$ cat structure_23.txt   # compact mmCIF, C-alpha atoms and all ligand atoms
# COMPACT_ATOMS: atom_id res chain seq x y z
CA MET A 1 20.27 -16.60 -10.32
CA GLU A 2 18.62 -13.18 -10.12
CA THR A 3 20.99 -10.36 -9.19
CA SER A 4 19.07 -7.19 -8.35
CA ARG A 5 16.79 -7.39 -5.36
CA LYS A 6 13.27 -6.42 -6.28
CA ILE A 7 10.14 -4.88 -4.91
CA GLY A 8 7.35 -7.45 -5.01
CA ILE A 9 3.78 -6.21 -5.29
CA PHE A 10 0.52 -8.11 -5.56
CA ASP A 11 -3.23 -7.76 -5.90
CA SER A 12 -6.16 -9.94 -6.93
CA GLY A 13 -5.73 -8.53 -10.44
CA ILE A 14 -4.77 -5.26 -12.06
CA GLY A 15 -6.12 -2.94 -9.33
CA GLY A 16 -2.72 -2.83 -7.62
CA ALA A 17 -1.35 -1.15 -10.74
CA THR A 18 -2.88 2.06 -9.32
CA VAL A 19 -0.55 1.58 -6.33
CA LEU A 20 2.50 0.71 -8.42
CA LYS A 21 1.91 3.84 -10.49
CA GLU A 22 2.32 5.97 -7.34
CA ILE A 23 5.37 3.99 -6.23
CA LEU A 24 7.08 4.52 -9.59
CA LYS A 25 6.83 8.28 -9.07
CA VAL A 26 9.03 8.11 -5.97
CA LEU A 27 11.14 5.01 -6.74
CA PRO A 28 11.70 5.00 -10.53
CA GLU A 29 15.02 3.14 -10.40
CA GLU A 30 14.00 0.06 -8.49
CA ASP A 31 13.14 -3.22 -10.22
CA TYR A 32 9.67 -4.67 -9.64
CA ILE A 33 7.68 -7.87 -9.89
CA TYR A 34 3.94 -7.38 -10.08
CA TYR A 35 1.80 -10.44 -9.37
CA SER A 36 -1.78 -10.19 -10.62
CA ASP A 37 -3.77 -13.02 -9.09
CA SER A 38 -6.64 -12.85 -11.54
CA ILE A 39 -7.40 -16.55 -11.19
CA ASN A 40 -8.54 -15.88 -7.61
CA ASN A 41 -10.29 -12.59 -8.28
CA PRO A 42 -12.29 -11.32 -6.45
CA TYR A 43 -10.84 -11.60 -2.93
CA GLY A 44 -13.59 -9.40 -1.46
CA ASP A 45 -16.06 -12.18 -0.67
CA LYS A 46 -13.68 -15.01 0.22
CA GLU A 47 -13.32 -16.70 3.61
CA ASP A 48 -10.40 -15.44 5.72
CA SER A 49 -8.64 -18.83 5.67
CA GLU A 50 -8.74 -18.91 1.87
CA ILE A 51 -7.24 -15.41 1.64
CA LEU A 52 -4.43 -16.39 4.03
CA ASN A 53 -3.58 -19.40 1.85
CA ILE A 54 -3.70 -17.43 -1.38
CA CYS A 55 -1.53 -14.63 0.03
CA GLU A 56 1.01 -17.03 1.47
CA ASN A 57 1.41 -18.77 -1.89
CA ILE A 58 2.03 -15.46 -3.62
CA VAL A 59 4.51 -14.39 -0.95
CA LYS A 60 6.46 -17.64 -1.46
CA ILE A 61 6.69 -16.94 -5.20
CA LEU A 62 7.88 -13.38 -4.59
CA ILE A 63 10.47 -14.51 -2.04
CA ASP A 64 11.76 -17.12 -4.51
CA LYS A 65 12.11 -14.36 -7.06
CA ASN A 66 14.45 -12.40 -4.82
CA CYS A 67 12.14 -9.71 -3.49
CA LYS A 68 13.48 -7.55 -0.66
CA VAL A 69 10.13 -6.08 0.32
CA ILE A 70 6.53 -7.00 -0.46
CA VAL A 71 3.79 -4.47 -1.08
CA ILE A 72 0.27 -5.75 -0.52
CA ALA A 73 -1.55 -3.61 -3.07
CA CYS A 74 -4.96 -4.96 -2.12
CA ASN A 75 -6.96 -3.55 0.79
CA THR A 76 -8.78 -6.83 1.34
CA ALA A 77 -5.60 -8.90 1.51
CA SER A 78 -3.94 -6.28 3.75
CA ALA A 79 -6.87 -6.21 6.14
CA LYS A 80 -7.02 -9.96 6.48
CA ALA A 81 -3.51 -11.27 5.96
CA VAL A 82 -0.80 -8.75 6.80
CA GLU A 83 -0.47 -9.67 10.48
CA PHE A 84 -0.34 -13.38 9.66
CA LEU A 85 2.33 -12.77 6.99
CA ARG A 86 4.43 -10.52 9.24
CA GLU A 87 4.40 -13.19 11.92
CA LYS A 88 5.23 -15.99 9.51
CA TYR A 89 7.94 -14.12 7.57
CA PRO A 90 9.56 -11.87 10.19
CA ASN A 91 12.56 -11.03 7.99
CA MET A 92 10.47 -9.74 5.13
CA PRO A 93 9.17 -6.16 5.33
CA PHE A 94 5.50 -5.99 4.28
CA ILE A 95 4.01 -2.65 3.24
CA ALA A 96 0.23 -2.83 3.24
CA ILE A 97 -2.37 -0.50 1.75
CA GLU A 98 -5.43 0.48 3.79
CA PRO A 99 -8.44 2.71 3.10
CA ALA A 100 -7.38 6.36 3.56
CA TYR A 101 -9.95 7.10 6.26
CA LYS A 102 -7.39 8.78 8.55
CA MET A 103 -6.73 11.30 5.77
CA VAL A 104 -10.39 12.31 5.92
CA HIS A 105 -9.95 12.87 9.67
CA ASP A 106 -6.80 14.93 9.03
CA PHE A 107 -8.03 17.08 6.15
CA ALA A 108 -11.81 17.10 5.77
CA SER A 109 -13.37 15.55 8.83
CA GLU A 110 -16.47 17.77 8.92
CA GLU A 111 -17.80 16.65 5.57
CA PRO A 112 -20.12 13.81 4.61
CA THR A 113 -18.00 10.85 3.58
CA LEU A 114 -18.56 7.69 1.62
CA VAL A 115 -16.14 4.80 2.14
CA MET A 116 -16.21 2.43 -0.82
CA ALA A 117 -14.48 -0.92 -0.27
CA THR A 118 -15.05 -4.63 -0.58
CA ARG A 119 -17.27 -6.35 1.96
CA GLY A 120 -14.18 -8.20 3.24
CA THR A 121 -12.36 -4.94 3.95
CA ILE A 122 -15.32 -3.21 5.59
CA GLU A 123 -16.12 -6.15 7.85
CA SER A 124 -12.48 -6.77 8.81
CA GLU A 125 -11.31 -6.09 12.34
CA LYS A 126 -8.44 -3.96 11.03
CA PHE A 127 -10.73 -1.58 9.15
CA GLN A 128 -13.32 -1.48 11.94
CA LEU A 129 -10.61 -0.33 14.38
CA LEU A 130 -9.53 2.41 11.97
CA TYR A 131 -13.12 3.49 11.39
CA HIS A 132 -14.00 3.70 15.08
CA LYS A 133 -10.81 5.59 15.85
CA TYR A 134 -11.48 8.32 13.26
CA ASN A 135 -15.26 8.19 12.90
CA ASN A 136 -16.60 11.66 11.95
CA ASN A 137 -20.20 10.51 12.46
CA LYS A 138 -20.97 11.58 8.90
CA THR A 139 -19.68 8.48 7.20
CA ILE A 140 -21.43 5.84 5.15
CA LEU A 141 -19.62 2.53 4.78
CA LEU A 142 -20.53 1.02 1.43
CA PRO A 143 -19.52 -2.58 0.69
CA CYS A 144 -19.32 -2.58 -3.11
CA ILE A 145 -19.99 -6.25 -3.69
CA GLY A 146 -18.90 -7.30 -7.17
CA LEU A 147 -17.49 -3.93 -8.23
CA ALA A 148 -13.81 -4.98 -8.28
CA ASP A 149 -14.89 -7.97 -10.33
CA ILE A 150 -16.51 -5.91 -13.09
CA ILE A 151 -13.66 -3.38 -13.10
CA GLU A 152 -11.31 -6.34 -13.59
CA GLU A 153 -13.50 -7.44 -16.50
CA GLY A 154 -13.24 -3.93 -17.94
CA ASN A 155 -16.74 -3.56 -19.39
CA LYS A 156 -17.51 0.19 -19.18
CA ASP A 157 -21.27 -0.22 -19.62
CA LYS A 158 -21.50 -2.70 -16.76
CA ILE A 159 -19.38 -0.43 -14.57
CA LYS A 160 -21.59 2.59 -15.28
CA LYS A 161 -24.76 0.58 -14.64
CA TYR A 162 -23.38 -0.73 -11.33
CA LEU A 163 -22.37 2.74 -10.16
CA HIS A 164 -25.71 4.28 -11.13
CA GLU A 165 -27.64 1.57 -9.31
CA ASN A 166 -25.52 1.71 -6.17
CA LEU A 167 -24.48 5.37 -5.87
CA ASN A 168 -27.44 7.33 -7.22
CA GLN A 169 -29.00 7.64 -3.78
CA TYR A 170 -25.91 9.58 -2.58
CA SER A 171 -25.75 11.95 -5.53
CA GLY A 172 -25.09 15.55 -4.38
CA LYS A 173 -25.00 14.49 -0.71
CA ILE A 174 -21.35 13.38 -0.39
CA LYS A 175 -18.19 15.50 -0.27
CA ASN A 176 -15.45 12.90 0.42
CA VAL A 177 -15.03 9.51 -1.19
CA VAL A 178 -12.52 7.03 0.23
CA LEU A 179 -11.35 4.70 -2.53
CA GLY A 180 -10.91 1.71 -0.23
CA CYS A 181 -10.11 -0.82 -2.94
CA THR A 182 -7.18 -0.47 -5.29
CA HIS A 183 -9.41 -1.18 -8.29
CA TYR A 184 -11.60 1.88 -7.68
CA PRO A 185 -9.19 4.65 -8.77
CA LEU A 186 -9.63 3.14 -12.24
CA VAL A 187 -13.27 4.29 -12.24
CA LYS A 188 -12.91 7.66 -10.49
CA ASP A 189 -14.44 9.57 -13.41
CA GLU A 190 -17.43 7.26 -13.56
CA ILE A 191 -17.94 7.61 -9.77
CA GLU A 192 -17.84 11.40 -10.11
CA GLU A 193 -20.34 11.25 -12.95
CA VAL A 194 -22.89 9.82 -10.52
CA LEU A 195 -21.96 11.60 -7.27
CA GLY A 196 -21.09 15.03 -8.63
CA ASP A 197 -18.08 17.02 -7.45
CA VAL A 198 -16.30 15.06 -4.67
CA LYS A 199 -12.86 14.87 -3.10
CA PHE A 200 -11.17 11.48 -3.47
CA PHE A 201 -8.99 9.89 -0.80
CA ASN A 202 -6.59 7.21 -1.95
CA GLY A 203 -3.94 5.64 0.30
CA ALA A 204 -1.48 4.87 -2.50
CA PRO A 205 0.61 8.11 -2.56
CA ASN A 206 1.22 7.83 1.21
CA LEU A 207 2.06 4.15 0.89
CA ALA A 208 4.63 5.01 -1.78
CA ARG A 209 6.32 7.59 0.47
CA HIS A 210 6.28 5.15 3.37
CA LEU A 211 7.84 2.41 1.22
CA LYS A 212 10.67 4.76 0.23
CA GLU A 213 11.30 5.67 3.89
CA VAL A 214 11.42 2.00 4.89
CA LEU A 215 13.94 1.22 2.14
CA GLN A 216 16.01 4.27 3.04
CA THR A 217 16.03 3.51 6.77
CA ASN A 218 17.08 -0.09 6.14
CA ASN A 219 19.70 0.81 3.56
CA MET A 220 17.85 -1.14 0.91
CA LEU A 221 17.48 1.43 -1.86
CA GLU A 222 18.95 0.31 -5.18
CA LYS A 223 19.70 1.95 -8.50
CA ASN A 224 18.52 -0.55 -11.07
CA SER A 225 16.91 -0.06 -14.45
CA GLY A 226 13.31 0.35 -13.33
CA ASN A 227 12.22 -2.98 -14.88
CA ILE A 228 8.76 -4.31 -14.17
CA GLU A 229 8.10 -8.01 -14.52
CA PHE A 230 4.39 -8.78 -14.81
CA ILE A 231 3.01 -12.17 -13.81
CA ASP A 232 -0.65 -13.04 -14.08
CA SER A 233 -1.87 -16.23 -12.42
CA GLN A 234 -4.00 -16.99 -15.51
CA ASN A 235 -1.32 -15.87 -17.97
CA SER A 236 -3.86 -13.48 -19.37
CA GLU A 237 -2.62 -11.32 -22.25
CA ILE A 238 -5.59 -9.02 -21.82
CA LYS A 239 -4.63 -8.40 -18.18
CA LYS A 240 -1.09 -7.63 -19.27
CA GLU A 241 -2.31 -5.08 -21.80
CA ARG A 242 -4.63 -3.41 -19.32
CA PHE A 243 -1.90 -3.38 -16.69
CA MET A 244 0.48 -1.69 -19.14
CA HIS A 245 -2.19 0.82 -20.01
CA VAL A 246 -2.52 1.82 -16.34
CA ILE A 247 1.22 1.89 -15.74
CA GLU A 248 1.95 3.54 -19.10
CA LYS A 249 5.30 1.79 -19.29
CA ASN A 250 6.79 -1.15 -21.15
CA ILE A 251 7.28 -4.23 -19.07
CA ILE A 252 8.87 -7.65 -19.11
CA THR A 253 6.44 -10.56 -18.99
CA LYS A 254 7.15 -14.08 -17.85
N1 LIG B 301 -8.04 -4.61 -5.21
C1 LIG B 301 -8.65 -5.21 -4.11
C2 LIG B 301 -8.76 -4.42 -2.87
O1 LIG B 301 -8.07 -3.42 -2.75
C3 LIG B 301 -9.26 -6.54 -4.23
C4 LIG B 301 -10.66 -6.56 -4.70
C5 LIG B 301 -11.17 -7.97 -4.80
O2 LIG B 301 -10.45 -8.83 -5.30
O3 LIG B 301 -12.30 -8.19 -4.35
O4 LIG B 301 -9.50 -4.74 -1.99

$ encode --input "structure_23.txt" --output "structure tokens"
Amino acid sequence: METSRKIGIFDSGIGGATVLKEILKVLPEEDYIYYSDSINNPYGDKEDSEILNICENIVKILIDKNCKVIVIACNTASAKAVEFLREKYPNMPFIAIEPAYKMVHDFASEEPTLVMATRGTIESEKFQLLYHKYNNNKTILLPCIGLADIIEEGNKDKIKKYLHENLNQYSGKIKNVVLGCTHYPLVKDEIEEVLGDVKFFNGAPNLARHLKEVLQTNNMLEKNSGNIEFIDSQNSEIKKERFMHVIEKNIITK
């Protein structure tokens, strides 16, 4: 029987590690379970019904493992499944990442903006509502089909080739880049190499602060040892190593 109650966090792979990294800055003493669903990666081009099924299965695992809150560290899963999950599991708080397009509105709304996200996120009703609410009329929505997949694979040459082929046309013309997929902060430098000097917008730091507030308000903060249990749905050792590299912390694996 597990004793400490944990923060569950999941993504279609190691992209959500960029979210966990921000969470660890504000909640270093909580215990975590990170679920990397690399067997189902990528989520970006899947049917909605398939994403709902996948997410529900992960949520069941995290609930069984004594999680007190679940962070959806995947923009695609958040856009498609968070409402369904909140309805189905009303006692479980879900904290869901979304592309930081409101931040552009708040801090740099006059400047040309590129929103990079999966096709699933960009076409989702949830993102479309956000976009139309804060549209600065200088925004390009770019579905980056296949990009999360090659970041997951980790081949730098492929990543650079993809970014050159897909971003070259915007070089020097863009000031703001919304990193609307949790895998993309992993290739920020490579994006900048093609686009030139840009300002990045990432929803993870705000999500981390919001998570802390939710735990505080509900009296759910704990002082544990800051353990991170890593589970990969393919049991991939390579994924574990790359995850640890992003987190820069030793972890427990099961
Ligand atoms: N990390 C993801 C996101 O934020 C998932 C990408 C994918 O699996 O296609 O959207």

$ residues_near_ligand --input "structure_23.txt" --ligand "ligand LIG 301 (chain B)" --cutoff "6 Å" --atoms "all atoms listed in the file" --output "list of chain:residue names"
A:Asp11, A:Ser12, A:Gly15, A:Asn41, A:Pro42, A:Tyr43, A:Gly44, A:Cys74, A:Asn75, A:Thr76, A:Thr118, A:Ala148, A:Cys181, A:Thr182, A:His183

$ atom_distance --input "structure_23.txt" --atom1 "atom CA of A:Ser36" --atom2 "atom CA of A:Ser233"
6.3 Å

$ closest_residue --input "structure_23.txt" --among "A:Pro143, A:Gly180, A:Pro93, A:Gly13" --to "A:Arg119" --atoms "only C-alpha atoms"
A:Pro143

$ closest_residue --input "structure_23.txt" --among "A:Met244, A:Cys55, A:Leu186, A:Ile191" --to "A:Lys160" --atoms "all atoms listed in the file"
A:Ile191

$ atom_distance --input "structure_23.txt" --atom1 "atom CA of A:Ser171" --atom2 "atom CA of A:Leu130"
25.7 Å

$ decode --input "structure_23.txt" --residues "stretch 190-215 of chain A" --atoms "N, CA, C and O atoms" --output "short mmCIF file (atom, residue, chain, number, x, y, z; two decimals), in the first residue's frame"
data_model
loop_
_atom_site.label_atom_id
_atom_site.label_comp_id
_atom_site.auth_asym_id
_atom_site.auth_seq_id
_atom_site.Cartn_x
_atom_site.Cartn_y
_atom_site.Cartn_z
N GLU A 190 17.03 25.02 -31.78
CA GLU A 190 16.98 24.69 -33.21
C GLU A 190 15.92 25.56 -33.92
O GLU A 190 16.09 25.94 -35.07
N ILE A 191 14.82 25.86 -33.21
CA ILE A 191 13.78 26.73 -33.80
C ILE A 191 14.37 28.14 -34.00
O ILE A 191 14.22 28.76 -35.05
N GLU A 192 15.09 28.61 -33.00
CA GLU A 192 15.69 29.94 -33.07
C GLU A 192 16.75 30.03 -34.18
O GLU A 192 16.89 31.06 -34.82
N GLU A 193 17.44 28.92 -34.38
CA GLU A 193 18.44 28.89 -35.46
C GLU A 193 17.80 29.21 -36.81
O GLU A 193 18.41 29.84 -37.65
N VAL A 194 16.57 28.77 -37.00
CA VAL A 194 15.91 29.01 -38.29
C VAL A 194 15.19 30.36 -38.29
O VAL A 194 15.27 31.12 -39.27
N LEU A 195 14.50 30.70 -37.20
CA LEU A 195 13.65 31.90 -37.20
C LEU A 195 14.39 33.18 -36.86
O LEU A 195 13.90 34.26 -37.12
N GLY A 196 15.55 33.06 -36.24
CA GLY A 196 16.24 34.24 -35.75
C GLY A 196 15.78 34.53 -34.33
O GLY A 196 15.18 33.67 -33.68
N ASP A 197 16.01 35.78 -33.88
CA ASP A 197 15.72 36.14 -32.50
C ASP A 197 14.20 36.24 -32.27
O ASP A 197 13.55 37.08 -32.87
N VAL A 198 13.65 35.34 -31.44
CA VAL A 198 12.20 35.37 -31.17
C VAL A 198 11.95 35.25 -29.67
O VAL A 198 12.83 34.82 -28.93
N LYS A 199 10.74 35.64 -29.26
CA LYS A 199 10.35 35.45 -27.86
C LYS A 199 9.49 34.19 -27.79
O LYS A 199 8.55 34.04 -28.58
N PHE A 200 9.83 33.30 -26.84
CA PHE A 200 9.07 32.05 -26.73
C PHE A 200 7.99 32.17 -25.64
O PHE A 200 8.23 32.76 -24.59
N PHE A 201 6.85 31.58 -25.90
CA PHE A 201 5.76 31.52 -24.93
C PHE A 201 5.43 30.07 -24.64
O PHE A 201 5.08 29.31 -25.55
N ASN A 202 5.59 29.72 -23.37
CA ASN A 202 5.40 28.33 -22.95
C ASN A 202 4.47 28.35 -21.73
O ASN A 202 4.72 29.09 -20.77
N GLY A 203 3.42 27.55 -21.76
CA GLY A 203 2.43 27.57 -20.68
C GLY A 203 2.88 26.87 -19.40
O GLY A 203 2.19 26.96 -18.37
N ALA A 204 4.02 26.18 -19.42
CA ALA A 204 4.37 25.34 -18.28
C ALA A 204 4.63 26.10 -16.96
O ALA A 204 4.16 25.66 -15.91
N PRO A 205 5.37 27.23 -16.97
CA PRO A 205 5.58 27.93 -15.68
C PRO A 205 4.26 28.36 -15.03
O PRO A 205 4.09 28.23 -13.82
N ASN A 206 3.32 28.86 -15.84
CA ASN A 206 2.01 29.25 -15.27
C ASN A 206 1.24 28.05 -14.76
O ASN A 206 0.59 28.11 -13.71
N LEU A 207 1.32 26.95 -15.49
CA LEU A 207 0.65 25.72 -15.03
C LEU A 207 1.20 25.31 -13.66
O LEU A 207 0.46 24.94 -12.75
N ALA A 208 2.52 25.40 -13.51
CA ALA A 208 3.15 24.99 -12.25
C ALA A 208 2.65 25.84 -11.09
O ALA A 208 2.30 25.32 -10.02
N ARG A 209 2.56 27.16 -11.32
CA ARG A 209 2.06 28.05 -10.25
C ARG A 209 0.60 27.74 -9.94
O ARG A 209 0.19 27.68 -8.79
N HIS A 210 -0.17 27.47 -10.98
CA HIS A 210 -1.59 27.15 -10.79
C HIS A 210 -1.75 25.85 -10.00
O HIS A 210 -2.58 25.76 -9.09
N LEU A 211 -0.93 24.86 -10.33
CA LEU A 211 -0.99 23.57 -9.61
C LEU A 211 -0.73 23.80 -8.12
O LEU A 211 -1.44 23.27 -7.26
N LYS A 212 0.29 24.60 -7.82
CA LYS A 212 0.61 24.87 -6.41
C LYS A 212 -0.57 25.53 -5.71
O LYS A 212 -0.95 25.16 -4.59
N GLU A 213 -1.19 26.50 -6.37
CA GLU A 213 -2.36 27.20 -5.78
C GLU A 213 -3.49 26.21 -5.50
O GLU A 213 -4.12 26.25 -4.45
N VAL A 214 -3.74 25.32 -6.46
CA VAL A 214 -4.83 24.35 -6.29
C VAL A 214 -4.53 23.45 -5.09
O VAL A 214 -5.42 23.20 -4.25
N LEU A 215 -3.30 22.99 -4.96
CA LEU A 215 -2.95 22.12 -3.83
C LEU A 215 -3.07 22.89 -2.52
O LEU A 215 -3.58 22.37 -1.52
#
